[in-house]
Structure formats: structure tokens, C-alpha cells
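Shown next: final09.tsv, given as TSV, C-alpha atoms.
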```tsv
chain	number	residue	atom	x	y	z
A	16	MET	CA	-13.67	-147.39	80.88
A	17	SER	CA	-11.16	-149.48	78.98
A	18	LYS	CA	-11.96	-151.07	75.70
A	19	LEU	CA	-11.94	-154.78	75.19
A	20	ILE	CA	-9.13	-156.26	73.20
A	21	PRO	CA	-9.46	-158.83	70.41
A	22	LYS	CA	-8.15	-162.22	71.38
A	23	TRP	CA	-5.60	-162.36	68.55
A	24	LEU	CA	-4.16	-159.02	69.59
A	25	ILE	CA	-3.54	-159.90	73.22
A	26	TRP	CA	-1.99	-163.24	72.25
A	27	ALA	CA	0.19	-161.50	69.65
A	28	ILE	CA	1.44	-159.21	72.44
A	29	VAL	CA	2.17	-162.28	74.58
A	30	ALA	CA	4.09	-163.97	71.75
A	31	VAL	CA	6.17	-160.93	70.79
A	32	ALA	CA	6.92	-160.02	74.42
A	33	PHE	CA	8.04	-163.62	74.96
A	34	LEU	CA	10.45	-163.43	71.99
A	35	GLY	CA	11.78	-160.10	73.23
A	36	PHE	CA	12.25	-161.59	76.69
A	37	ILE	CA	14.28	-164.54	75.35
A	38	ASP	CA	16.44	-162.21	73.25
A	39	ALA	CA	17.12	-159.76	76.08
A	40	SER	CA	17.77	-162.64	78.53
A	41	TYR	CA	20.39	-163.97	76.14
A	42	LEU	CA	22.11	-160.58	76.04
A	43	THR	CA	21.91	-160.31	79.83
A	44	LEU	CA	23.50	-163.73	80.34
A	45	VAL	CA	26.23	-162.92	77.84
A	46	HIS	CA	26.84	-159.70	79.78
A	47	TYR	CA	27.15	-161.43	83.16
A	48	MET	CA	28.90	-164.58	82.01
A	49	GLY	CA	31.47	-162.49	80.17
A	50	ALA	CA	31.34	-164.28	76.84
A	51	GLU	CA	34.34	-164.01	74.60
A	52	LEU	CA	36.11	-160.87	73.60
A	53	GLY	CA	35.57	-160.27	69.91
A	54	CYS	CA	32.95	-160.45	67.19
A	55	THR	CA	30.43	-163.23	66.98
A	56	GLU	CA	28.61	-164.10	63.84
A	57	TRP	CA	25.13	-163.72	65.24
A	58	GLY	CA	25.76	-161.64	68.33
A	59	SER	CA	27.81	-159.09	66.49
A	60	CYS	CA	30.72	-157.38	68.08
A	61	ASN	CA	30.91	-157.00	71.78
A	62	GLU	CA	31.77	-153.39	71.09
A	63	VAL	CA	28.05	-152.63	71.37
A	64	THR	CA	27.25	-154.81	74.35
A	65	THR	CA	30.43	-153.82	76.16
A	66	SER	CA	30.29	-150.13	75.22
A	67	GLU	CA	29.92	-147.48	77.89
A	68	TYR	CA	26.29	-147.19	76.82
A	69	SER	CA	25.51	-150.80	77.63
A	70	VAL	CA	25.06	-150.00	81.33
A	71	ILE	CA	22.90	-147.28	82.89
A	72	PHE	CA	23.18	-146.56	86.62
A	73	GLY	CA	25.03	-149.83	87.02
A	74	ILE	CA	22.22	-151.85	85.43
A	75	PRO	CA	22.95	-153.52	82.10
A	76	MET	CA	20.66	-152.33	79.33
A	77	ALA	CA	19.98	-155.95	78.42
A	78	LEU	CA	18.64	-156.69	81.93
A	79	MET	CA	16.35	-153.66	81.75
A	80	GLY	CA	15.13	-154.92	78.40
A	81	ALA	CA	14.46	-158.39	79.80
A	82	LEU	CA	12.51	-156.94	82.74
A	83	TYR	CA	10.54	-154.71	80.38
A	84	TYR	CA	9.48	-157.62	78.17
A	85	LEU	CA	8.69	-159.73	81.23
A	86	ALA	CA	6.50	-156.92	82.60
A	87	VAL	CA	4.56	-156.58	79.31
A	88	LEU	CA	4.22	-160.36	79.12
A	89	ILE	CA	2.87	-160.63	82.66
A	90	LEU	CA	0.48	-157.69	82.19
A	91	ALA	CA	-0.98	-159.37	79.11
A	92	LEU	CA	-1.19	-162.73	80.88
A	93	VAL	CA	-2.89	-161.16	83.92
A	94	TYR	CA	-5.50	-159.70	81.58
A	95	ILE	CA	-6.00	-163.06	79.85
A	96	ASP	CA	-6.36	-164.79	83.22
A	97	THR	CA	-8.57	-162.29	85.06
A	98	LYS	CA	-10.11	-160.09	82.33
A	99	TRP	CA	-9.20	-157.21	84.64
A	100	LYS	CA	-8.90	-154.14	82.35
A	101	PHE	CA	-6.22	-152.26	84.26
A	102	PRO	CA	-3.22	-154.01	82.58
A	103	LEU	CA	-4.62	-152.94	79.21
A	104	LYS	CA	-4.13	-149.32	80.24
A	105	LEU	CA	-0.53	-149.94	81.26
A	106	ILE	CA	0.58	-151.89	78.16
A	107	PRO	CA	0.36	-148.95	75.69
A	108	ILE	CA	2.23	-146.71	78.13
A	109	ALA	CA	4.98	-149.30	78.65
A	110	THR	CA	5.35	-150.11	74.96
A	111	THR	CA	5.56	-146.42	74.05
A	112	PHE	CA	8.48	-146.01	76.44
A	113	GLY	CA	10.00	-149.24	75.17
A	114	PHE	CA	9.72	-148.05	71.59
A	115	LEU	CA	11.26	-144.63	72.28
A	116	PHE	CA	14.05	-146.28	74.25
A	117	SER	CA	14.74	-148.62	71.31
A	118	LEU	CA	14.91	-145.67	68.91
A	119	GLY	CA	17.55	-144.15	71.20
A	120	LEU	CA	19.52	-147.40	71.21
A	121	ILE	CA	19.40	-147.69	67.42
A	122	TYR	CA	20.67	-144.13	67.18
A	123	LEU	CA	23.56	-144.99	69.52
A	124	GLN	CA	24.48	-148.04	67.46
A	125	LEU	CA	24.34	-146.28	64.11
A	126	PHE	CA	25.72	-142.86	64.90
A	127	VAL	CA	27.73	-143.06	68.11
A	128	ILE	CA	29.21	-146.55	68.48
A	129	HIS	CA	29.15	-147.14	64.69
A	130	ALA	CA	28.48	-150.81	65.16
A	131	ILE	CA	25.40	-152.94	65.01
A	132	CYS	CA	24.51	-155.76	67.34
A	133	LEU	CA	22.05	-158.13	65.71
A	134	TYR	CA	20.43	-159.22	68.97
A	135	CYS	CA	19.96	-155.56	69.91
A	136	MET	CA	18.37	-154.89	66.52
A	137	PHE	CA	16.09	-157.88	67.01
A	138	SER	CA	15.01	-156.37	70.31
A	139	ALA	CA	14.36	-153.05	68.60
A	140	GLY	CA	12.13	-155.00	66.19
A	141	THR	CA	10.14	-156.70	68.92
A	142	SER	CA	9.65	-153.48	70.86
A	143	THR	CA	8.48	-151.74	67.67
A	144	ILE	CA	5.98	-154.52	66.99
A	145	LEU	CA	4.71	-154.33	70.58
A	146	PHE	CA	4.25	-150.58	70.15
A	147	ILE	CA	2.33	-151.06	66.90
A	148	LEU	CA	0.13	-153.77	68.43
A	149	SER	CA	-0.76	-151.59	71.38
A	150	MET	CA	-1.50	-148.65	69.07
A	151	ILE	CA	-3.81	-150.91	67.05
A	152	TYR	CA	-5.61	-151.61	70.31
A	153	LEU	CA	-5.79	-147.92	71.26
A	154	PHE	CA	-6.90	-146.55	67.90
A	155	THR	CA	-9.32	-149.14	66.69
A	156	ARG	CA	-12.65	-149.61	68.33
A	157	PRO	CA	-13.84	-153.18	68.00
A	158	SER	CA	-17.45	-153.68	68.92
A	159	GLU	CA	-17.94	-155.10	72.38
A	160	GLN	CA	-20.35	-157.64	71.05
A	161	VAL	CA	-17.76	-159.22	68.80
A	162	ASP	CA	-15.14	-159.07	71.49
A	163	LYS	CA	-17.28	-160.80	74.01
A	164	LEU	CA	-17.76	-163.61	71.55
A	165	GLN	CA	-14.05	-163.75	70.78
A	166	VAL	CA	-12.59	-163.53	74.23
B	1	MET	CA	-14.31	-166.08	86.09
B	2	ARG	CA	-12.53	-169.34	85.51
B	3	LYS	CA	-12.19	-172.02	88.10
B	4	ALA	CA	-9.25	-171.90	90.51
B	5	GLY	CA	-7.89	-175.16	89.09
B	6	GLU	CA	-7.83	-173.80	85.55
B	7	ARG	CA	-6.15	-170.61	86.66
B	8	PHE	CA	-3.52	-172.53	88.60
B	9	LEU	CA	-2.82	-174.62	85.51
B	10	PHE	CA	-2.57	-171.48	83.33
B	11	TRP	CA	0.07	-169.87	85.56
B	12	LEU	CA	1.87	-173.17	86.04
B	13	VAL	CA	2.25	-173.47	82.27
B	14	VAL	CA	3.46	-169.83	82.10
B	15	VAL	CA	6.10	-170.44	84.77
B	16	ILE	CA	7.26	-173.72	83.18
B	17	VAL	CA	7.58	-172.11	79.73
B	18	LEU	CA	9.50	-169.12	81.10
B	19	VAL	CA	11.86	-171.19	83.24
B	20	GLY	CA	12.38	-173.67	80.39
B	21	ALA	CA	13.17	-170.86	77.95
B	22	LEU	CA	15.63	-169.26	80.38
B	23	TYR	CA	17.33	-172.62	80.92
B	24	GLY	CA	17.60	-173.03	77.14
B	25	VAL	CA	19.21	-169.61	76.82
B	26	TYR	CA	21.59	-170.43	79.68
B	27	ARG	CA	22.63	-173.66	77.94
B	28	ALA	CA	23.14	-171.78	74.68
B	29	VAL	CA	25.46	-169.29	76.35
B	30	SER	CA	27.43	-171.73	78.46
B	31	THR	CA	27.91	-174.77	76.20
B	32	PRO	CA	31.53	-174.97	75.14
B	33	GLU	CA	32.02	-175.91	71.51
B	34	GLU	CA	33.96	-178.90	70.28
B	35	ILE	CA	36.26	-177.87	67.50
B	36	PRO	CA	37.64	-180.47	65.11
B	37	LEU	CA	39.36	-177.91	62.89
B	38	PRO	CA	42.40	-178.00	60.70
B	39	ASN	CA	44.44	-176.64	63.56
B	40	GLU	CA	47.78	-177.54	62.09
B	41	LEU	CA	49.53	-175.63	59.36
B	42	THR	CA	48.83	-176.54	55.78
B	43	GLY	CA	50.86	-175.70	52.71
B	44	GLU	CA	48.30	-173.06	51.80
B	45	ASP	CA	48.65	-170.97	54.95
B	46	TRP	CA	50.25	-167.57	54.96
B	47	ILE	CA	53.05	-167.86	57.48
B	48	LYS	CA	55.01	-165.24	59.36
B	49	GLY	CA	57.87	-165.79	61.81
B	50	ASN	CA	60.28	-168.71	61.80
B	51	PRO	CA	58.96	-171.50	59.54
B	52	ASP	CA	61.04	-174.06	61.45
B	53	ALA	CA	59.76	-173.05	64.90
B	54	GLU	CA	57.70	-175.58	66.84
B	55	VAL	CA	55.39	-173.04	68.41
B	56	VAL	CA	52.51	-172.38	66.02
B	57	LEU	CA	49.88	-169.69	66.45
B	58	ILE	CA	46.91	-169.75	64.05
B	59	GLU	CA	44.40	-166.94	63.97
B	60	TYR	CA	40.93	-167.12	62.43
B	61	SER	CA	40.14	-163.52	61.76
B	62	ASP	CA	37.94	-161.03	59.98
B	63	PHE	CA	39.48	-157.86	58.52
B	64	GLN	CA	36.37	-155.83	59.33
B	65	CYS	CA	36.10	-156.94	62.96
B	66	PRO	CA	37.26	-154.21	65.36
B	67	ALA	CA	38.49	-156.73	67.93
B	68	CYS	CA	40.62	-158.34	65.21
B	69	ALA	CA	42.17	-154.96	64.42
B	70	SER	CA	43.05	-154.57	68.11
B	71	PHE	CA	44.57	-158.05	68.13
B	72	TYR	CA	46.49	-157.25	64.96
B	73	VAL	CA	48.54	-154.74	66.98
B	74	ILE	CA	49.09	-157.27	69.76
B	75	VAL	CA	50.09	-160.07	67.35
B	76	GLU	CA	52.57	-157.74	65.65
B	77	GLU	CA	54.16	-157.00	69.03
B	78	ILE	CA	54.27	-160.71	69.82
B	79	LEU	CA	55.95	-161.45	66.48
B	80	ASP	CA	58.49	-158.67	66.99
B	81	GLU	CA	59.40	-160.20	70.30
B	82	PHE	CA	59.12	-163.94	69.66
B	83	GLY	CA	59.15	-164.15	65.85
B	84	SER	CA	62.33	-166.23	65.75
B	85	HIS	CA	60.84	-168.85	68.09
B	86	MET	CA	57.35	-169.16	66.62
B	87	GLN	CA	55.32	-169.04	63.45
B	88	PHE	CA	52.03	-167.34	62.89
B	89	ALA	CA	49.34	-168.15	60.31
B	90	TYR	CA	46.37	-166.03	59.33
B	91	ARG	CA	43.14	-167.68	58.17
B	92	HIS	CA	40.03	-165.97	56.86
B	93	PHE	CA	36.84	-166.10	58.84
B	94	PRO	CA	34.84	-163.16	57.43
B	95	LEU	CA	31.65	-162.75	59.47
B	96	LYS	CA	29.63	-161.96	56.40
B	97	SER	CA	26.31	-161.59	58.18
B	98	ILE	CA	27.48	-158.52	60.05
B	99	HIS	CA	30.48	-157.31	58.02
B	100	ASP	CA	29.66	-156.53	54.41
B	101	LYS	CA	33.24	-155.88	53.33
B	102	ALA	CA	35.01	-158.60	55.30
B	103	SER	CA	35.17	-161.08	52.40
B	104	LEU	CA	36.28	-158.37	49.99
B	105	ALA	CA	39.09	-157.37	52.36
B	106	GLY	CA	40.16	-161.00	52.61
B	107	GLN	CA	40.20	-161.22	48.82
B	108	ALA	CA	42.29	-158.05	48.66
B	109	ALA	CA	44.88	-159.62	50.95
B	110	GLU	CA	44.89	-162.81	48.87
B	111	ALA	CA	45.17	-160.83	45.62
B	112	ALA	CA	48.18	-158.98	47.05
B	113	GLY	CA	49.50	-162.37	48.16
B	114	LEU	CA	49.52	-163.53	44.53
B	115	GLN	CA	52.02	-160.74	43.90
B	116	GLY	CA	53.99	-161.69	47.00
B	117	LYS	CA	52.70	-159.02	49.36
B	118	PHE	CA	50.05	-160.70	51.50
B	119	TRP	CA	51.43	-159.48	54.83
B	120	GLU	CA	51.97	-155.95	53.59
B	121	MET	CA	48.34	-155.75	52.45
B	122	TYR	CA	47.21	-157.44	55.68
B	123	ALA	CA	48.89	-154.62	57.62
B	124	GLU	CA	47.42	-151.87	55.40
B	125	ILE	CA	43.92	-153.30	55.74
B	126	PHE	CA	44.02	-153.63	59.52
B	127	GLU	CA	45.76	-150.29	60.10
B	128	ASN	CA	43.19	-148.44	58.01
B	129	GLN	CA	40.14	-150.42	59.09
B	130	ALA	CA	38.42	-147.43	60.68
B	131	MET	CA	38.65	-145.65	57.34
B	132	TRP	CA	37.37	-148.23	54.84
B	133	LYS	CA	34.78	-149.96	57.01
B	134	GLN	CA	32.60	-146.85	56.75
B	135	LEU	CA	32.60	-146.99	52.94
B	136	SER	CA	30.37	-148.76	50.47
B	137	VAL	CA	31.64	-152.05	49.04
B	138	ASN	CA	32.65	-150.36	45.77
B	139	ASP	CA	34.46	-147.50	47.46
B	140	ALA	CA	36.22	-149.95	49.75
B	141	GLU	CA	37.46	-151.85	46.70
B	142	ASN	CA	38.88	-148.58	45.34
B	143	TYR	CA	40.62	-148.03	48.67
B	144	PHE	CA	42.16	-151.50	48.60
B	145	THR	CA	43.34	-150.80	45.05
B	146	LYS	CA	44.97	-147.62	46.34
B	147	TYR	CA	46.79	-149.64	49.01
B	148	ALA	CA	47.90	-151.99	46.24
B	149	ALA	CA	49.35	-149.01	44.40
B	150	ASN	CA	51.14	-147.88	47.56
B	151	LEU	CA	52.66	-151.35	47.77
B	152	ASP	CA	53.85	-151.08	44.15
B	153	LEU	CA	51.60	-153.91	43.00
B	154	ASP	CA	50.38	-154.23	39.45
B	155	GLN	CA	46.99	-152.58	39.91
B	156	LYS	CA	45.27	-154.09	36.92
B	157	GLN	CA	46.36	-157.58	37.93
B	158	PHE	CA	45.35	-156.86	41.53
B	159	ILE	CA	41.78	-155.89	40.56
B	160	GLU	CA	41.51	-158.90	38.28
B	161	ASP	CA	42.73	-161.28	41.01
B	162	LEU	CA	40.59	-159.68	43.70
B	163	ASN	CA	37.47	-160.42	41.70
B	164	SER	CA	38.57	-163.80	40.38
B	165	SER	CA	36.62	-166.86	41.37
B	166	LYS	CA	39.86	-168.51	42.47
B	167	VAL	CA	40.46	-165.88	45.16
B	168	GLU	CA	36.77	-165.69	46.10
B	169	ASN	CA	36.66	-169.47	46.52
B	170	LEU	CA	39.77	-169.47	48.61
B	171	VAL	CA	38.35	-167.02	51.17
B	172	GLU	CA	34.99	-168.79	51.06
B	173	ALA	CA	36.62	-172.18	51.65
B	174	GLU	CA	38.36	-170.95	54.81
B	175	PHE	CA	35.12	-169.36	56.01
B	176	LYS	CA	33.28	-172.65	55.47
B	177	SER	CA	35.90	-174.70	57.21
B	178	ALA	CA	35.76	-172.37	60.21
B	179	ARG	CA	31.97	-172.57	60.31
B	180	GLU	CA	31.96	-176.33	60.00
B	181	GLY	CA	34.54	-176.51	62.75
B	182	GLY	CA	32.07	-174.75	65.03
B	183	LEU	CA	33.79	-171.38	65.22
B	184	ASN	CA	31.44	-168.46	65.70
B	185	SER	CA	33.58	-165.57	66.74
B	186	THR	CA	36.63	-163.64	65.68
B	187	PRO	CA	39.39	-163.54	66.43
B	188	THR	CA	39.83	-167.18	67.45
B	189	PHE	CA	43.36	-168.34	68.17
B	190	PHE	CA	44.87	-171.81	68.18
B	191	LEU	CA	48.17	-172.18	69.97
B	192	ASN	CA	49.92	-175.43	69.05
B	193	GLY	CA	46.63	-176.88	67.87
B	194	GLU	CA	44.68	-175.96	71.01
B	195	LYS	CA	41.97	-173.31	70.93
B	196	ILE	CA	42.82	-170.65	73.50
B	197	GLU	CA	40.68	-168.07	75.25
B	198	ASN	CA	41.51	-164.69	73.81
B	199	PRO	CA	44.15	-163.10	76.04
B	200	LYS	CA	42.93	-159.88	77.65
B	201	ASP	CA	46.02	-157.89	76.75
B	202	LEU	CA	49.52	-157.99	75.35
B	203	GLN	CA	50.99	-159.05	78.69
B	204	GLU	CA	48.73	-162.09	78.94
B	205	PHE	CA	49.45	-163.04	75.32
B	206	ARG	CA	53.17	-162.67	75.94
B	207	THR	CA	52.99	-165.01	78.94
B	208	LEU	CA	51.10	-167.63	76.92
B	209	ILE	CA	53.61	-167.56	74.08
B	210	ARG	CA	56.61	-167.51	76.42
B	211	ASN	CA	55.27	-170.57	78.25
B	212	ALA	CA	54.68	-172.38	74.97
B	213	ILE	CA	58.24	-171.64	73.84
B	214	GLU	CA	59.68	-172.76	77.17
B	215	GLN	CA	57.73	-176.01	76.98
B	216	THR	CA	59.20	-176.87	73.60
B	217	ASN	CA	62.69	-176.16	74.90
B	218	THR	CA	62.43	-178.58	77.80
```
Whole structure, C-alpha cells version:
Amino acid sequence: MSKLIPKWLIWAIVAVAFLGFIDASYLTLVHYMGAELGCTEWGSCNEVTTSEYSVIFGIPMALMGALYYLAVLILALVYIDTKWKFPLKLIPIATTFGFLFSLGLIYLQLFVIHAICLYCMFSAGTSTILFILSMIYLFTRPSEQVDKLQV
Amino acid sequence: MRKAGERFLFWLVVVIVLVGALYGVYRAVSTPEEIPLPNELTGEDWIKGNPDAEVVLIEYSDFQCPACASFYVIVEEILDEFGSHMQFAYRHFPLKSIHDKASLAGQAAEAAGLQGKFWEMYAEIFENQAMWKQLSVNDAENYFTKYAANLDLDQKQFIEDLNSSKVENLVEAEFKSAREGGLNSTPTFFLNGEKIENPKDLQEFRTLIRNAIEQTNT
């Protein structure tokens, strides 16, 4: 039986997943629209987003990121809409993978490509926050009474 | 369970917000910038090539940007080939938010310039970028001072100039003018006052320059 989730927590997940989705969508569009060759002040150097690591099995990393955030967002929204508990089981699993994946990408930026892409770091931040939020849900046990009043 | 109408409204809002956000991102990526920049040479520019040539190439660049280092090689080739028919100016656009030593490198070039060796220092800095960009700001300054010694510059004067507010302000002023002109990436090239898409390789750059030279001859 799944636990209930405080209202603030599920909406925080929605908000952070939304930010992550916007960020990753931006990177995806830049990837497909072939933005300029060079360094951009806020997007950092294309050496990260055009490196051999930016694509896995022909799929741009940024697109995978966007789909990941969209999936977490929709899971949280489905829960908010239906109160069906199943999405709450999936969110911690998804965010754990997302977090580990982000750690891998930070490692690549710092130690392999030796370049940092600010938008990629922002995404690492949002996926870390999502992970922390879902761990708060897993490891705290709010009383059902309070939750029923809150939700 | 909520009413069907409420649920429909909920998902409608979700879809509208998502589509709206995606459209916003699309606009952000695709909007071309308008650039009212000082795209003609000024007396303060560092110029290479033939100062009487009509064809003018201006580069806004960042010494710590890897793409700029790649273009440095290409621009050198272009100048070897067409240097008598064109002039080239370098302007500082250090992307400070991502490159911690870009301004310092620009100041090093300017400090060398005060002793008449801007272009020599410019070459040293770009050719050794992979080396100094890994260092701390202090260590990088020591490296630049070493390059200054290699170029037979007065080291004491070089260090003094590099840290002087005059040189700092100069690099900062070019950075600001580039920002205000709407530039956001390096390198950005202006050929005869027109912003150009960065050529993909030497061959494409060569063609652009050759066409510009031919146009001025006709």
C-alpha cells in the first residue's frame, strides 16, 4: 500500500519537473535546429552538446532528458487528478535513475570533455532536486489523517 | 473523484501550459538577433593585414573559448592567403560567466599590446589555450607572464599593465559593447560590417573572403 503524499511535495515535483522539461526542450531544439558553432554566454560551448557523448543510440541526450521530465511531470499530474497511487511508486524509481544519469553526465563534463554546459548543469540540478523530493516522500511517514486534510 | 468537467479543465490547462512553454522555447531558439554594433573599424582596434584594404573582417572573440581557438588557426590561414587584400580586427568578448580566465587573457594581450606585441601574445594565448585554461586564475597569470618573457617584453611593466584599471576597463568596455549589441556567442564575425554565420571550415571561409575581395574589385 502506497503512502499518501503531502500536497506541497507533489506540487514541488510538478514545478521542478516542469523547469527541467523547459531546460531539456531548449537543449533539444538547439540540437535539432543546429544553433551556431561556438560558445554562447548562457548555453556554454557547443563542445558539450555536440560531443560524441551528446547522443546515445542515435537519440540526443537532451531529448531523453526532456522525455524523462515530461514523464515525471505527467505521473505527478495523473496522481493529482485521479489520486491513483501507482504513479507515486514510479516517481522515486524514475528520479533515482534520472539522478544517477545526471551524475554520469556531470562526470563526463568535468573529467572527460573538460567543459561545462550551463543548461546541462541546470538539468543536473533539477534532477537532483527531484530525487531529493522523492526521497523525502519515501523516507518520511506523514500521518494519513493530516494528508487527507491537505490533499 | 472530481467531476468530469473539472478534470477536463485541469488537463486542458496542463496541455496549454506545456504547449505555450514549448512555443516560448522555440521562439527563443529561432529568433534572429538585430545587431547595431560598432561594426566598422575604430582607431582603437588591433589590426592585422593591409590597413588600406577595403575588405574588413572583425572578430568578437574569447581567448578561453575552444571554438575561438579553432577559428584562430583558420583566421591565420586566411590572413596568410589574403592578408594583402584584407584587414582583420580582434575585439574582446570574454564570456565571463563560463570562462573564468577569459578577461585575464584579454588583458594579457592588451598589456603586451602596450609594448607593441599584441598579435604575438594573441598567438601565444590561443596556441597554448589547452594548457592555461586548466589552471587557476593566479597560475594562468604566471603563464601569461612567462609568454611575455618569451616575447622579450618587460615583465614588470607587463604585470603592472595587465592589472591596471586602464587595461581592465578596455577589455570590459568591448565586452559591454558586444553585450549591448546583442551578441551572445563567440566567435562572432563581421565581414564588411555584416554579421556572418560562422563558416564550417577553412574552405568555406576562404570562399567568403574571396567573394568579398572580388566584389570590391568590380
**Asked** In Å to one decimal, how far is CA of Val73 (chain B) from CA of Ile125 (chain B)?
**Response** 12.2 Å
For region 26-32 of chain A, list every protein, DNA or RNA residue within 7 Å, evaluated using all atoms listed in the file, and leave out those in the same chain fewer than 6 positions away; present the list as a PDB file with C-alpha atoms, in the frame of the given file.
```pdb
ATOM      1  CA  TYR A  84       9.480-157.620  78.170  1.00  0.00           C
ATOM      2  CA  VAL A  87       4.560-156.580  79.310  1.00  0.00           C
ATOM      3  CA  LEU A  88       4.220-160.360  79.120  1.00  0.00           C
ATOM      4  CA  ALA A  91      -0.980-159.370  79.110  1.00  0.00           C
ATOM      5  CA  THR A 141      10.140-156.700  68.920  1.00  0.00           C
ATOM      6  CA  LEU A 145       4.710-154.330  70.580  1.00  0.00           C
ATOM      7  CA  LEU A 148       0.130-153.770  68.430  1.00  0.00           C
TER       8      LEU A 148
END
```
**Prompt:** Could you tell me, as an MDAnalysis selection string, which residues have any atom at most 10 Å from (44.9, -163.4, 62.1), counting all atoms listed in the file?
**Reply:** chainID B and resid 46 57:63 68:69 71:72 75 88:93 122 186:189
Chain B residues near chain A within 10 Å, closest pair each, using all atoms listed in the file, as a tab-separated table:
```
residue	atom	partner	partner_atom	distance
B:Met1	CA	A:Thr97	CA	7.0
B:Arg2	CA	A:Asp96	CA	8.0
B:Glu6	CA	A:Asp96	CA	9.4
B:Arg7	CA	A:Asp96	CA	6.8
B:Phe8	CA	A:Asp96	CA	9.8
B:Phe10	CA	A:Asp96	CA	7.7
B:Trp11	CA	A:Asp96	CA	8.5
B:Val14	CA	A:Leu92	CA	8.6
B:Val17	CA	A:Phe33	CA	9.7
B:Leu18	CA	A:Phe33	CA	8.4
B:Ala21	CA	A:Ile37	CA	6.9
B:Leu22	CA	A:Ile37	CA	7.0
B:Gly24	CA	A:Ile37	CA	9.3
B:Val25	CA	A:Tyr41	CA	5.8
B:Tyr26	CA	A:Leu44	CA	7.0
B:Ala28	CA	A:Tyr41	CA	8.4
B:Val29	CA	A:Val45	CA	6.6
B:Ser30	CA	A:Met48	CA	8.1
B:Ser61	CA	A:Cys54	CA	9.5
B:Asp62	CA	A:Cys54	CA	8.8
B:Gln64	CA	A:Cys54	CA	9.7
B:Cys65	CA	A:Cys54	CA	6.3
B:Pro66	CA	A:Cys60	CA	7.8
B:Ala67	CA	A:Gly53	CA	5.0
B:Cys68	CA	A:Gly53	CA	7.2
B:Ser70	CA	A:Gly53	CA	9.6
B:Phe71	CA	A:Gly53	CA	9.4
B:Phe93	CA	A:Glu56	CA	9.8
B:Pro94	CA	A:Glu56	CA	9.0
B:Leu95	CA	A:Glu56	CA	5.5
B:Lys96	CA	A:Glu56	CA	7.8
B:Ser97	CA	A:Glu56	CA	6.6
B:Ile98	CA	A:Ser59	CA	6.5
B:His99	CA	A:Ser59	CA	9.1
B:Lys133	CA	A:His129	CA	9.9
B:Gln134	CA	A:His129	CA	8.7
B:Arg179	CA	A:Glu56	CA	9.8
B:Leu183	CA	A:Thr55	CA	9.0
B:Asn184	CA	A:Thr55	CA	5.5
B:Ser185	CA	A:Thr55	CA	3.9
B:Thr186	CA	A:Cys54	CA	5.1
B:Pro187	CA	A:Gly53	CA	6.1
B:Thr188	CA	A:Gly53	CA	8.5
B:Glu197	CA	A:Glu51	CA	7.6
B:Asn198	CA	A:Leu52	CA	6.6
B:Pro199	CA	A:Leu52	CA	8.7
B:Lys200	CA	A:Leu52	CA	8.0
```
**Complete:** One residue among B:Phe118, B:Tyr143, B:Phe190, B:Phe126 is nearest to Lys48 (chain B) when using all atoms listed in the file, and that residue is B:Phe118
**Prompt:** CA of Met136 (chain A) to CA of Leu118 (chain A): how many Å, to one decimal?
**Reply:**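 Distance between the two atoms: 10.1 Å.
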**Message:** Can you pull out the residues contacting Gly113 (chain A)? Cut-off 8 Å, using all atoms listed in the file, and skip same-chain residues under 4 positions away; I want them as a list in words.
**Reply:**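 Close residues of Gly113 (chain A): Tyr83, Ala109, Ser117, Ser142 and Phe146 of chain A.
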**Asked** In Å to one decimal, how far is CA of Pro51 (chain B) from CA of Met86 (chain B)?
**Response**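 Interatomic distance here is 7.6 Å.
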**Message:** With only C-alpha atoms as the counted atoms, please give the residues lying no more than 6 Å from region 162-166 of chain B, apart from itself and same-chain residues fewer than 6 positions off, as an MDAnalysis selection string.
**Reply:** chainID B and resid 107:108 111
**Request:** Within 9 Å of Leu202 (chain B), counting only C-alpha atoms, which residues show up once you throw out same-chain ones fewer than 4 positions away? Write them as a ChimeraX atom specification, please.
**Result:** /B:71,74-75,77-78,206-207
Atoms kept (C-alpha atoms) for selection, written as a PDB file, keeping the file's coordinate frame:
```
ATOM      1  CA  PHE B  71      44.570-158.050  68.130  1.00  0.00           C
ATOM      2  CA  ILE B  74      49.090-157.270  69.760  1.00  0.00           C
ATOM      3  CA  VAL B  75      50.090-160.070  67.350  1.00  0.00           C
ATOM      4  CA  GLU B  77      54.160-157.000  69.030  1.00  0.00           C
ATOM      5  CA  ILE B  78      54.270-160.710  69.820  1.00  0.00           C
ATOM      6  CA  ARG B 206      53.170-162.670  75.940  1.00  0.00           C
ATOM      7  CA  THR B 207      52.990-165.010  78.940  1.00  0.00           C
TER       8      THR B 207
END
```
**Item:** Shortest interatomic distance to Met150 (chain A) - which of A:Phe137, A:Ile20, A:Met79, A:His46, counting only C-alpha atoms
**Value:** A:Ile20
Residue completion, region 189-201 of chain B, N, CA and C atoms, as a compact mmCIF listing (two decimals), in the coordinates of the input:
```
# COMPACT_ATOMS: atom_id res chain seq x y z
N PHE B 189 41.96 -167.93 68.29
CA PHE B 189 43.36 -168.34 68.17
C PHE B 189 43.55 -169.81 68.55
N PHE B 190 44.44 -170.46 67.82
CA PHE B 190 44.87 -171.81 68.18
C PHE B 190 46.37 -171.74 68.45
N LEU B 191 46.75 -172.16 69.65
CA LEU B 191 48.17 -172.18 69.97
C LEU B 191 48.59 -173.64 70.03
N ASN B 192 49.49 -174.03 69.17
CA ASN B 192 49.92 -175.43 69.05
C ASN B 192 48.73 -176.38 68.95
N GLY B 193 47.77 -175.99 68.13
CA GLY B 193 46.63 -176.88 67.87
C GLY B 193 45.50 -176.78 68.88
N GLU B 194 45.72 -176.07 69.99
CA GLU B 194 44.68 -175.96 71.01
C GLU B 194 44.01 -174.60 70.91
N LYS B 195 42.68 -174.60 70.94
CA LYS B 195 41.97 -173.31 70.93
C LYS B 195 42.23 -172.63 72.27
N ILE B 196 42.58 -171.36 72.22
CA ILE B 196 42.82 -170.65 73.50
C ILE B 196 41.77 -169.55 73.68
N GLU B 197 41.51 -169.23 74.94
CA GLU B 197 40.68 -168.07 75.25
C GLU B 197 41.46 -166.84 74.81
N ASN B 198 40.78 -165.88 74.24
CA ASN B 198 41.51 -164.69 73.81
C ASN B 198 42.15 -163.98 75.00
N PRO B 199 43.47 -163.80 74.94
CA PRO B 199 44.15 -163.10 76.04
C PRO B 199 43.58 -161.69 76.17
N LYS B 200 43.55 -161.19 77.42
CA LYS B 200 42.93 -159.88 77.65
C LYS B 200 43.81 -158.74 77.16
N ASP B 201 45.13 -158.96 77.19
CA ASP B 201 46.02 -157.89 76.75
C ASP B 201 47.35 -158.47 76.27
```
